[in-house]
Every structure is written in C-alpha cells, then in structure tokens.
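Note: the block below is work-v3.csv and it holds CSV, C-alpha atoms.
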chain,number,residue,atom,x,y,z
A,8,MET,CA,0.0,0.0,0.0
A,9,SER,CA,1.3,3.5,-0.8
A,10,THR,CA,2.8,5.6,1.9
A,11,ILE,CA,2.0,8.7,0.0
A,12,ASP,CA,-1.2,10.7,0.2
A,13,HIS,CA,-1.4,11.5,-3.5
A,14,LYS,CA,-4.3,13.9,-3.3
A,15,ALA,CA,-2.7,16.0,-0.7
A,16,THR,CA,0.8,15.8,-2.2
A,17,ARG,CA,-0.5,16.7,-5.7
A,18,GLN,CA,-2.5,19.6,-4.3
A,19,ALA,CA,0.5,20.9,-2.4
A,20,MET,CA,2.8,20.7,-5.4
A,21,THR,CA,0.4,22.5,-7.8
A,22,GLU,CA,-0.4,25.2,-5.2
A,23,GLN,CA,3.3,25.9,-4.7
A,24,VAL,CA,3.8,26.0,-8.5
A,25,ALA,CA,1.0,28.5,-8.8
A,26,ALA,CA,2.4,30.5,-5.9
A,27,PHE,CA,5.9,30.6,-7.5
A,28,ILE,CA,4.5,31.7,-10.9
A,29,ALA,CA,2.5,34.4,-9.2
A,30,ASN,CA,5.4,35.7,-7.2
A,31,PRO,CA,8.9,34.1,-7.7
A,32,ALA,CA,10.6,36.3,-5.1
A,33,GLY,CA,12.1,34.6,-2.1
A,34,TRP,CA,11.9,31.0,-3.3
A,35,PRO,CA,14.7,28.5,-2.7
A,36,ALA,CA,16.9,27.6,-5.7
A,37,ALA,CA,15.7,24.9,-8.1
A,38,MET,CA,17.3,21.5,-8.1
A,39,ALA,CA,20.0,22.0,-10.7
A,40,ALA,CA,21.2,25.2,-9.1
A,41,ARG,CA,22.0,23.7,-5.7
A,42,ALA,CA,25.1,21.8,-6.8
A,43,LEU,CA,28.1,22.6,-4.6
A,44,ARG,CA,31.3,23.5,-6.3
A,45,LEU,CA,33.7,20.6,-6.7
A,46,ARG,CA,37.2,20.7,-8.1
A,47,SER,CA,36.9,22.5,-11.4
A,48,GLY,CA,37.9,20.3,-14.4
A,49,HIS,CA,39.1,21.0,-17.9
A,50,PRO,CA,36.3,22.6,-20.0
A,51,ALA,CA,34.3,20.1,-22.0
A,52,TYR,CA,35.6,19.3,-25.4
A,53,SER,CA,33.6,20.1,-28.6
A,54,PRO,CA,31.1,17.5,-29.8
A,55,SER,CA,33.6,16.6,-32.6
A,56,ASN,CA,36.4,16.0,-30.2
A,57,HIS,CA,34.1,14.2,-27.7
A,58,ALA,CA,33.2,11.8,-30.5
A,59,LEU,CA,36.9,11.3,-31.3
A,60,ILE,CA,37.6,10.5,-27.7
A,61,VAL,CA,34.7,8.0,-27.5
A,62,CYS,CA,35.8,6.2,-30.7
A,63,GLN,CA,39.4,5.9,-29.4
A,64,LEU,CA,38.3,4.6,-26.0
A,65,TRP,CA,35.9,2.2,-27.7
A,66,GLY,CA,38.7,0.7,-29.7
A,67,ARG,CA,41.0,0.6,-26.7
A,68,PHE,CA,38.5,-1.3,-24.5
A,69,ALA,CA,37.6,-3.6,-27.4
A,70,ALA,CA,41.3,-4.4,-27.8
A,71,GLU,CA,41.4,-5.3,-24.1
A,72,GLY,CA,38.9,-8.1,-24.7
A,73,LEU,CA,35.5,-6.4,-24.1
A,74,SER,CA,32.6,-7.1,-26.5
A,75,ASP,CA,31.7,-4.3,-28.8
A,76,GLU,CA,28.6,-3.4,-26.7
A,77,ALA,CA,30.5,-3.5,-23.4
A,78,ALA,CA,33.4,-1.6,-24.9
A,79,PHE,CA,31.1,1.1,-26.2
A,80,ASP,CA,29.4,1.3,-22.8
A,81,ALA,CA,32.8,1.7,-21.1
A,82,ALA,CA,33.9,4.3,-23.6
A,83,ILE,CA,30.8,6.5,-23.0
A,84,ARG,CA,31.4,6.3,-19.3
A,85,ALA,CA,35.1,7.0,-19.5
A,86,ALA,CA,34.6,9.9,-21.9
A,87,ALA,CA,32.4,11.6,-19.2
A,88,GLU,CA,35.3,11.6,-16.7
A,89,GLU,CA,37.9,14.3,-16.3
A,90,ILE,CA,40.0,14.6,-19.4
A,91,ALA,CA,42.7,17.2,-19.9
A,92,PRO,CA,45.8,18.0,-22.0
A,93,ARG,CA,49.3,17.1,-20.7
A,94,TYR,CA,50.1,20.7,-19.8
A,95,VAL,CA,47.0,21.0,-17.6
A,96,TRP,CA,47.9,17.8,-15.8
A,97,SER,CA,51.4,19.0,-15.4
A,98,LYS,CA,50.3,22.2,-13.7
A,99,ARG,CA,48.3,20.0,-11.3
A,100,GLY,CA,51.3,17.9,-10.5
A,101,TYR,CA,50.5,14.9,-12.6
A,102,ALA,CA,52.4,13.1,-15.3
A,103,PRO,CA,50.9,10.7,-18.0
A,104,THR,CA,51.4,7.0,-17.5
A,105,GLY,CA,50.2,6.2,-21.0
A,106,GLY,CA,46.8,6.2,-22.8
A,107,ALA,CA,47.1,9.4,-24.8
A,108,LEU,CA,44.0,10.4,-26.8
A,109,ALA,CA,44.3,12.5,-29.9
A,110,VAL,CA,42.0,15.5,-30.3
A,111,TRP,CA,41.9,18.5,-32.7
A,112,SER,CA,43.3,21.8,-31.4
A,113,ARG,CA,41.3,25.0,-31.4
A,114,PRO,CA,41.5,26.8,-34.8
A,115,VAL,CA,44.9,28.4,-35.3
A,116,PRO,CA,44.9,31.5,-37.6
A,117,MET,CA,47.3,31.5,-40.5
A,118,TRP,CA,47.9,34.1,-43.2
A,119,ILE,CA,48.8,33.2,-46.8
A,120,ASP,CA,50.4,35.5,-49.4
A,121,PRO,CA,48.3,34.9,-52.5
A,122,ALA,CA,51.2,35.9,-54.7
A,123,THR,CA,53.5,33.1,-53.4
A,124,GLY,CA,51.0,30.7,-51.8
A,125,LYS,CA,53.3,30.6,-48.8
A,126,LYS,CA,52.8,31.5,-45.1
A,127,ALA,CA,53.0,35.2,-44.4
A,128,THR,CA,52.2,37.8,-41.7
A,129,LYS,CA,48.8,39.3,-41.4
A,130,ASP,CA,50.2,42.6,-42.4
A,131,THR,CA,51.3,41.3,-45.8
A,132,PRO,CA,49.3,43.1,-48.5
A,133,GLY,CA,46.4,41.0,-49.7
A,134,ALA,CA,47.2,38.3,-47.1
A,135,GLU,CA,44.3,35.7,-46.8
A,136,GLU,CA,43.5,34.3,-43.5
A,137,ARG,CA,43.2,30.5,-43.1
A,138,ARG,CA,42.1,28.5,-40.1
A,139,VAL,CA,44.1,25.3,-39.5
A,140,PHE,CA,44.0,22.6,-36.8
A,141,ARG,CA,46.7,20.5,-35.3
A,142,ILE,CA,46.5,17.2,-33.4
A,143,GLU,CA,47.0,17.4,-29.7
A,144,GLN,CA,47.1,14.8,-27.0
A,145,THR,CA,44.9,14.6,-23.9
A,146,TYR,CA,44.6,12.2,-21.0
A,147,ARG,CA,42.0,10.7,-18.8
A,148,ALA,CA,42.3,11.2,-15.1
A,149,ALA,CA,42.8,7.5,-14.7
A,150,ASP,CA,45.9,7.7,-17.0
A,151,VAL,CA,48.0,10.2,-15.0
A,152,ILE,CA,49.7,10.0,-11.7
A,153,ASN,CA,51.4,12.3,-9.2
A,154,GLU,CA,54.6,11.9,-7.2
A,155,ASP,CA,52.7,10.3,-4.3
A,156,GLY,CA,51.4,7.6,-6.6
A,157,GLN,CA,47.8,9.0,-6.7
A,158,THR,CA,46.0,8.9,-9.9
A,159,GLY,CA,44.0,11.9,-11.2
A,160,ALA,CA,40.9,9.7,-10.9
A,161,ALA,CA,41.4,9.6,-7.1
A,162,ALA,CA,41.8,13.4,-7.0
A,163,PHE,CA,38.5,13.8,-8.9
A,164,ALA,CA,36.5,11.3,-6.9
A,165,ALA,CA,33.3,12.6,-5.3
A,166,PRO,CA,33.5,13.0,-1.5
A,167,GLU,CA,31.6,10.5,0.7
A,168,LEU,CA,28.0,11.4,1.5
A,169,PRO,CA,27.6,12.5,5.2
A,170,GLU,CA,26.2,9.9,7.6
A,171,GLY,CA,22.5,10.1,8.3
A,172,GLU,CA,19.1,9.2,7.1
A,173,ALA,CA,19.5,10.9,3.7
A,174,ARG,CA,22.5,8.8,3.0
A,175,GLN,CA,20.6,5.7,3.9
A,176,VAL,CA,17.8,6.6,1.5
A,177,PHE,CA,20.2,7.5,-1.2
A,178,GLU,CA,21.9,4.1,-0.9
A,179,ARG,CA,18.6,2.2,-0.8
A,180,LEU,CA,17.4,4.0,-4.0
A,181,ALA,CA,20.8,3.4,-5.7
A,182,ALA,CA,20.8,-0.3,-4.8
A,183,TRP,CA,17.2,-0.7,-6.0
A,184,ILE,CA,17.7,0.9,-9.5
A,185,THR,CA,21.1,-0.9,-9.8
A,186,GLY,CA,19.3,-4.2,-9.3
A,187,GLN,CA,17.3,-3.3,-12.4
A,188,GLY,CA,20.4,-3.0,-14.6
A,189,TRP,CA,21.2,0.6,-14.1
A,190,SER,CA,24.4,2.1,-12.7
A,191,VAL,CA,24.5,5.1,-10.3
A,192,GLU,CA,27.6,7.3,-10.1
A,193,ARG,CA,28.4,10.4,-8.2
A,194,SER,CA,30.6,12.7,-10.4
A,195,GLY,CA,33.8,14.0,-8.8
A,196,ARG,CA,34.1,17.0,-11.2
A,197,ASP,CA,31.9,20.0,-11.7
A,198,MET,CA,29.1,19.7,-14.2
A,199,ALA,CA,26.3,22.1,-15.2
A,200,GLU,CA,23.5,19.7,-14.2
A,201,GLY,CA,22.5,18.4,-10.8
A,202,GLY,CA,22.4,15.0,-12.5
A,203,TYR,CA,21.6,13.2,-15.7
A,204,THR,CA,20.3,9.9,-17.1
A,205,VAL,CA,21.6,8.1,-20.2
A,206,HIS,CA,19.2,5.4,-21.3
A,207,ALA,CA,21.5,4.0,-24.0
A,208,THR,CA,24.0,3.0,-21.3
A,209,ARG,CA,21.5,2.7,-18.4
A,210,GLN,CA,23.6,5.2,-16.5
A,211,ILE,CA,22.6,7.7,-13.8
A,212,VAL,CA,25.0,10.3,-12.7
A,213,VAL,CA,24.5,12.6,-9.7
A,214,HIS,CA,26.6,15.7,-9.1
A,215,GLY,CA,29.1,14.7,-6.4
A,216,GLY,CA,28.8,18.1,-4.7
A,217,LEU,CA,25.2,17.4,-3.7
A,218,ALA,CA,24.9,16.1,-0.2
A,219,GLY,CA,22.1,15.1,2.2
A,220,TRP,CA,18.6,15.4,0.9
A,221,ALA,CA,19.6,17.4,-2.1
A,222,ALA,CA,21.5,14.3,-3.4
A,223,VAL,CA,18.4,12.2,-2.7
A,224,GLU,CA,16.2,14.6,-4.6
A,225,THR,CA,18.4,14.5,-7.6
A,226,LEU,CA,18.7,10.7,-7.5
A,227,ALA,CA,14.9,10.3,-7.2
A,228,HIS,CA,14.5,12.7,-10.2
A,229,GLU,CA,16.9,10.7,-12.3
A,230,VAL,CA,15.4,7.3,-11.2
A,231,ALA,CA,12.0,8.7,-12.4
A,232,HIS,CA,13.6,9.6,-15.8
A,233,ALA,CA,15.0,6.1,-16.0
A,234,LEU,CA,11.7,4.4,-15.4
A,235,LEU,CA,9.3,6.8,-17.1
A,236,HIS,CA,11.2,7.9,-20.2
A,237,GLY,CA,13.4,6.5,-22.9
A,238,ALA,CA,12.8,4.4,-26.0
A,239,GLU,CA,9.3,3.3,-24.9
A,240,ASP,CA,8.1,6.9,-24.5
A,241,GLU,CA,6.8,8.1,-27.8
A,242,ARG,CA,7.3,11.8,-26.8
A,243,PRO,CA,10.5,13.4,-28.0
A,244,TYR,CA,12.7,14.7,-25.2
A,245,ALA,CA,12.4,18.3,-26.5
A,246,GLY,CA,10.2,21.3,-26.6
A,247,GLN,CA,7.1,21.3,-24.5
A,248,HIS,CA,7.4,17.5,-24.1
A,249,ARG,CA,10.6,17.9,-22.2
A,250,GLY,CA,9.0,20.3,-19.8
A,251,ASP,CA,6.3,17.7,-19.1
A,252,MET,CA,8.9,15.0,-18.6
A,253,GLU,CA,11.0,17.2,-16.3
A,254,ALA,CA,7.9,17.9,-14.2
A,255,GLU,CA,7.0,14.2,-14.1
A,256,ALA,CA,10.5,13.3,-12.8
A,257,GLU,CA,10.5,16.2,-10.3
A,258,ALA,CA,7.0,15.2,-9.0
A,259,VAL,CA,8.6,12.0,-7.8
A,260,ALA,CA,11.3,14.0,-6.0
A,261,PHE,CA,8.8,16.4,-4.6
A,262,GLY,CA,6.6,13.6,-3.2
A,263,LEU,CA,9.6,11.8,-1.6
A,264,LEU,CA,10.9,15.0,0.0
A,265,THR,CA,7.5,15.8,1.3
A,266,ALA,CA,7.1,12.3,2.8
A,267,PHE,CA,10.3,12.8,4.7
A,268,GLY,CA,9.4,16.2,6.0
A,269,GLN,CA,11.9,18.2,3.8
A,270,GLY,CA,9.5,21.0,3.1
A,271,GLU,CA,12.0,23.7,2.1
A,272,LEU,CA,13.8,21.5,-0.4
A,273,ALA,CA,10.3,20.4,-1.7
A,274,ARG,CA,9.5,24.1,-2.4
A,275,GLY,CA,12.6,24.3,-4.5
A,276,SER,CA,11.5,21.2,-6.3
A,277,ALA,CA,8.1,22.8,-7.0
A,278,ARG,CA,9.9,25.8,-8.4
A,279,TYR,CA,11.9,23.5,-10.7
A,280,ALA,CA,8.7,22.0,-12.1
A,281,ALA,CA,7.2,25.5,-12.5
A,282,GLU,CA,10.2,26.8,-14.4
A,283,TRP,CA,9.8,23.9,-16.9
A,284,THR,CA,6.0,24.1,-17.3
A,285,ARG,CA,4.8,27.6,-16.3
A,286,ASN,CA,1.4,25.9,-15.7
A,287,PRO,CA,0.0,24.3,-12.5
A,288,GLU,CA,-2.4,22.1,-14.5
A,289,ARG,CA,0.4,20.6,-16.5
A,290,VAL,CA,2.2,19.9,-13.2
A,291,ALA,CA,-0.9,18.2,-11.9
A,292,VAL,CA,-1.1,15.9,-15.0
A,293,ALA,CA,2.7,15.2,-14.6
A,294,TYR,CA,2.1,14.1,-11.0
A,295,GLU,CA,-0.6,11.7,-12.1
A,296,ARG,CA,1.6,10.2,-14.8
A,297,SER,CA,4.4,9.6,-12.3
A,298,CYS,CA,2.7,8.8,-9.0
A,299,HIS,CA,3.1,5.0,-9.5
A,300,VAL,CA,6.9,5.6,-9.6
A,301,LEU,CA,6.6,7.7,-6.5
A,302,ASP,CA,4.9,4.8,-4.8
A,303,ALA,CA,7.7,2.5,-5.6
A,304,VAL,CA,10.5,5.0,-4.8
A,305,ALA,CA,8.9,5.9,-1.5
A,306,ALA,CA,8.5,2.2,-0.5
A,307,VAL,CA,12.2,1.6,-1.2
A,308,ALA,CA,13.2,4.8,0.6
A,309,PHE,CA,11.3,3.7,3.8
A,310,GLY,CA,13.1,0.3,3.7
A,311,ALA,CA,10.6,-2.0,2.0
A,312,GLU,CA,12.2,-5.0,0.2
A,313,ASP,CA,11.4,-6.7,-3.1
A,314,VAL,CA,9.6,-3.5,-4.4
A,315,THR,CA,8.4,-3.8,-8.0
A,316,LEU,CA,7.1,-1.0,-10.2
A,317,THR,CA,3.4,-1.4,-11.1
A,318,ARG,CA,1.6,0.3,-13.9
A,319,SER,CA,-0.3,3.4,-13.1
A,320,ALA,CA,-4.0,3.0,-13.3
A,321,LYS,CA,-4.4,6.8,-13.1
A,322,ALA,CA,-1.9,7.3,-15.9
A,323,ASP,CA,-3.6,4.7,-18.0
A,324,LYS,CA,-7.0,6.4,-17.4
A,325,ALA,CA,-5.5,9.8,-18.3
A,326,GLN,CA,-4.0,8.3,-21.5
A,327,ALA,CA,-7.3,6.7,-22.5
A,328,LYS,CA,-9.0,10.0,-22.0
A,329,ALA,CA,-6.4,11.8,-24.1
A,330,ASP,CA,-6.7,9.1,-26.8
A,331,ASN,CA,-10.5,9.4,-26.9
A,332,LYS,CA,-10.2,13.2,-27.2
A,333,ALA,CA,-7.8,12.9,-30.1
A,334,LEU,CA,-10.1,10.3,-31.8
A,335,ALA,CA,-13.1,12.5,-31.4
A,336,ALA,CA,-11.2,15.5,-32.9
A,337,ALA,CA,-10.1,13.3,-35.9
A,338,LEU,CA,-13.7,12.2,-36.5
A,339,ARG,CA,-15.0,15.8,-36.4
A,340,GLU,CA,-12.2,16.8,-38.8
A,341,ALA,CA,-13.5,14.1,-41.2
A,342,GLY,CA,-17.0,15.6,-40.9
A,343,LEU,CA,-18.5,13.0,-38.5
A,344,GLU,CA,-19.8,13.4,-35.0
A,345,PRO,CA,-18.0,11.1,-32.4
A,346,LYS,CA,-21.0,9.0,-31.5
A,347,GLY,CA,-23.0,6.1,-32.7
A,348,GLU,CA,-21.7,3.9,-35.5
A,349,ALA,CA,-18.9,6.3,-36.3
A,350,TRP,CA,-17.6,6.2,-32.8
A,351,ARG,CA,-18.0,2.5,-32.4
A,352,ARG,CA,-16.1,1.7,-35.6
A,353,ALA,CA,-13.3,4.2,-34.8
A,354,LYS,CA,-12.9,2.8,-31.3
A,355,ALA,CA,-12.6,-0.7,-32.9
A,356,GLY,CA,-9.6,0.6,-34.9
A,357,GLU,CA,-11.1,1.1,-38.3
A,358,PRO,CA,-9.5,3.8,-40.4
A,359,ILE,CA,-11.4,7.1,-40.1
A,360,GLU,CA,-11.0,7.8,-43.8
A,361,ALA,CA,-12.9,4.5,-44.6
A,362,ILE,CA,-15.6,5.3,-42.0
A,363,ALA,CA,-16.1,8.8,-43.3
A,364,ALA,CA,-16.2,7.7,-47.0
A,365,GLU,CA,-19.0,5.1,-46.3
A,366,LEU,CA,-21.1,7.1,-43.8
A,367,LEU,CA,-21.0,10.4,-45.6
A,368,ALA,CA,-21.8,8.8,-48.8
A,369,ALA,CA,-24.8,7.0,-47.3
A,370,ALA,CA,-26.0,10.3,-45.8
Render the structure in this file as structure tokens.
Amino acid sequence: MSTIDHKATRQAMTEQVAAFIANPAGWPAAMAARALRLRSGHPAYSPSNHALIVCQLWGRFAAEGLSDEAAFDAAIRAAAEEIAPRYVWSKRGYAPTGGALAVWSRPVPMWIDPATGKKATKDTPGAEERRVFRIEQTYRAADVINEDGQTGAAAFAAPELPEGEARQVFERLAAWITGQGWSVERSGRDMAEGGYTVHATRQIVVHGGLAGWAAVETLAHEVAHALLHGAEDERPYAGQHRGDMEAEAEAVAFGLLTAFGQGELARGSARYAAEWTRNPERVAVAYERSCHVLDAVAAVAFGAEDVTLTRSAKADKAQAKADNKALAAALREAGLEPKGEAWRRAKAGEPIEAIAAELLAAA
C-alpha cells in the first residue's frame, strides 16, 4: 500500500507551483542550481572531439577483450570523466602513464600570401586568413599519476555522503535501481547539471557536490527519468514534451521530499517543475503520470524490500481520456460526430477515412 497521500501531495505541489508563478521572489533555488562547487575540471571538449575520444576509447576497450557493446558502454562512461591535456595535468602535478587520446586543437589563424602561396604575416598586402588545426594529446584522469602515486581519478573522486538518514535513503534507491540493470555514479568533477540519465548505457550520474537530501532529490528525479522515459516513451525529449517530462520526474522527487518532511527542499522542487511548465495544470497531470513511480520509490526509501514497479491506473486512465479526445477530434475533422456507429467503428480501430467515406456517402 502506498505511503503517499497522493491527493494532498499533488495539491501541495500544484499550489506551490502556482504561488511561484504568481510571485517568484524569495523561493529556494531549483534543483540543478544547488550543486556545490567541486574541483573544477578542464572545459568540455567540442562535440567533434568528444566523438573522437569515444571512438578511441571504444577501440581501446575492445582491444582489451570487451565485446563491442561492453566496450562502447565503457567508452561512453570514460569519456564523461575528467580529461585534460598534458600541460594541464602537469600544472596540477600529474604526469601521464600512457593512454594518450588524440584531439583536434582550437582553430589556429594563419595568413597566406596569394602571390606566393606561402605563409605570411597578417600585415602582408592581400594576405588571406586561413584556419588550421593541429593534433594534440589529452589524457583521462585514470591515466595520469602524481609523485605520491595517486591517480588523477582519485583526485577527482566525489566525497563521501555524510552519515545520516539521507545517505541511507540514497543508498537504498541506488541499490534498487542498480538491481534493475542501471548504474549510479556520483561525479567528482563540476558539471552544469545536478544529475543526468543516459538510457543508452543505463547510467545515472549525480553531481558529487550534492549532499544530504539534495542528493536524494536528484537521484529520485533521475530514477524517475530512467523508469518513465526513454525508448518506450513516444514523446521526444524536446520542446514542451521535455517540460512535461521534467515535471514528471520532479514530481517523484517532490513527493519523496514531502514524505520525509523536507519542506524547504520540496519548495525548490516545485519551483523546478514550475520553471519547466509555467502551468499548474500541466504539473498536476505530470504528477498523475508519475505517481506510481513515486509509490515504488517511497517504499524503497522507507526500507521495503522486493519492491516492484506497477503500472499506473491513473496514468492509463488519463492516457485513455487523451486518446478518446484525439479520436473525437479526428472524426470531427473528417466531418463526423464522435458518436453512434462512427464512434464504435473508430474505437474498434477502423481507419477514419474509410468510415467517413462510407457514412458520408450514405448520408
């Protein structure tokens, strides 16, 4: 049986969303803004260089005996770690132990004398500017070491979560979703997000600077993304749909925080959903779509064992209502009223074009 009073929790969340929209002054920061500063890493490489890094790591791990799928999975994870050029590691007191990765440099300006076709200065009359690239080497934190024998990976490890109830809840949730084939990692380097989920590699990453209930909130949010969204969700993770999906995930976090008496953090959670949707009604729908995940997450958090995720009867009912509404609109667009024979045949799955052709001709 659920430990969550869904009616009261949904009402509290939607009321707080409405209050924030009406007057955003004085509200606690939204989830992603609460990440504490960790050791600042090297700036992220460009998408092209990131792809190069993944490909090289993929080949490296495959050569070590991993299957193609496992090697790709390992490469995606490794590419998300701290990676920096040799000179950056040198300034930090680290030296490479091997495993260099080739990347393209930033564009280097060069001027060409059109009369000779040779390199010239920019002041040369008629000189034409070119942009060239050179190959540089960069290294993962795991592939450098300092004079004390410590790898860069150790230096960029996330600090331990403080002892207490929040840590116990975090570990319960992490163990539960890990048992379903996902991994949970706490990043040891700064990142823009409070956390993220990668469905392709079944990976959840939480900002290592988040501690206590803020870490629990982020993990609950990402667990909801893992269970609610992905390949089976027909909605694209973009535009208005992304706002709805973010609100669905945060509804799980809001409900869990509320259940454990973390009211102030829950207010920031409501703010996060409001910033994505700007609409209390959309948040109420998002809550209904995710409340079955909240039931499971709350049960795990309170220490229940062998918790399984069940389908949401409310979500199914809401989806059926939406499907009926879309079907009625399609019938009206075809010139038919959504009732009687037209409605019965459309509900049975018969093409609306065929129904309209026959019934309108008969009329």
Legend entry - For range 164-170 of chain A: contacts at 7 Å, all atoms listed in the file, fewer than 5 positions along chain excluded, given as a ChimeraX atom specification: /A:193-195,215,218-219
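If you measure from each of A:Ala82, A:Leu59, A:Ala364, A:Ala107 to Asp150 in chain A using all atoms listed in the file, the closest one turns out to be A:Ala107.
For range 340-348 of chain A, the set of protein, DNA and RNA residues having any atom at most 12 Å away, when counting only C-alpha atoms and skipping those fewer than 2 positions along the same chain, is Asn331, Lys332, Ala333, Leu334, Ala335, Ala336, Ala337, Leu338, Trp350, Arg351, Arg352, Ala353, Lys354, Ala355, Glu357, Pro358, Ile359, Glu360, Ala361, Ile362, Ala363, Ala364, Glu365, Leu366, Leu367, Ala368 and Ala370 of chain A.
Here CA of Asp251 in chain A stands at a distance of 6.3 Å from CA of Ala293 in chain A.
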Legend entry - Between CA of Val151 in chain A and CA of Gly105 in chain A, distance in Å (one decimal): 7.5 Å
Legend entry - Selection near Ala311 in chain A, 12 Å with only C-alpha atoms, sequence-local residues under 5 positions removed, as a count of residues only: 12
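With distances taken over all atoms listed in the file, A:Tyr203 is the one residue among A:Trp283, A:Tyr203, A:Tyr101, A:Tyr244 lying closest to Val230 in chain A.
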Inset, instruction - Can you pull out every residue within 12 Å of Phe79 in chain A, counting only C-alpha atoms, but drop anything in the same chain fewer than 3 positions away, and send it as number ranges by chain? - result: A: 58, 60-70, 73-76, 82-86, 207-208
Legend entry - Straight-line distance linking CA of Gly171 in chain A with CA of Gly202 in chain A, stated in Å to one decimal: 21.4 Å
Inset, instruction - Measuring atom to atom with only C-alpha atoms, identify which of A:Val292, A:Val110, A:Leu301, A:Ile119 is nearest to Leu234 in chain A. - result: A:Leu301
Legend entry - Residue contacts of His49 in chain A (8 Å, only C-alpha atoms) excluding same-chain residues fewer than 6 positions away, as a PyMOL selection string: chain A and resi 89-91+95
Report as a Markdown table: every residue of range 201-224 of chain A with an atom at most 12 Å from range 21-39 of chain A, its closest pair of atoms, and their distance in Å to one decimal, counting only C-alpha atoms, with rows sorted by chain and ascending residue number.
| residue | atom | partner | partner_atom | distance |
| --- | --- | --- | --- | --- |
| A:Gly201 | CA | A:Ala39 | CA | 4.4 |
| A:Gly202 | CA | A:Ala39 | CA | 7.6 |
| A:Tyr203 | CA | A:Ala39 | CA | 10.2 |
| A:Val213 | CA | A:Ala39 | CA | 10.5 |
| A:His214 | CA | A:Ala39 | CA | 9.3 |
| A:Gly216 | CA | A:Ala39 | CA | 11.3 |
| A:Leu217 | CA | A:Ala39 | CA | 9.9 |
| A:Trp220 | CA | A:Met38 | CA | 10.9 |
| A:Ala221 | CA | A:Met38 | CA | 7.6 |
| A:Ala222 | CA | A:Met38 | CA | 9.6 |
| A:Val223 | CA | A:Met38 | CA | 10.8 |
| A:Glu224 | CA | A:Met38 | CA | 7.8 |
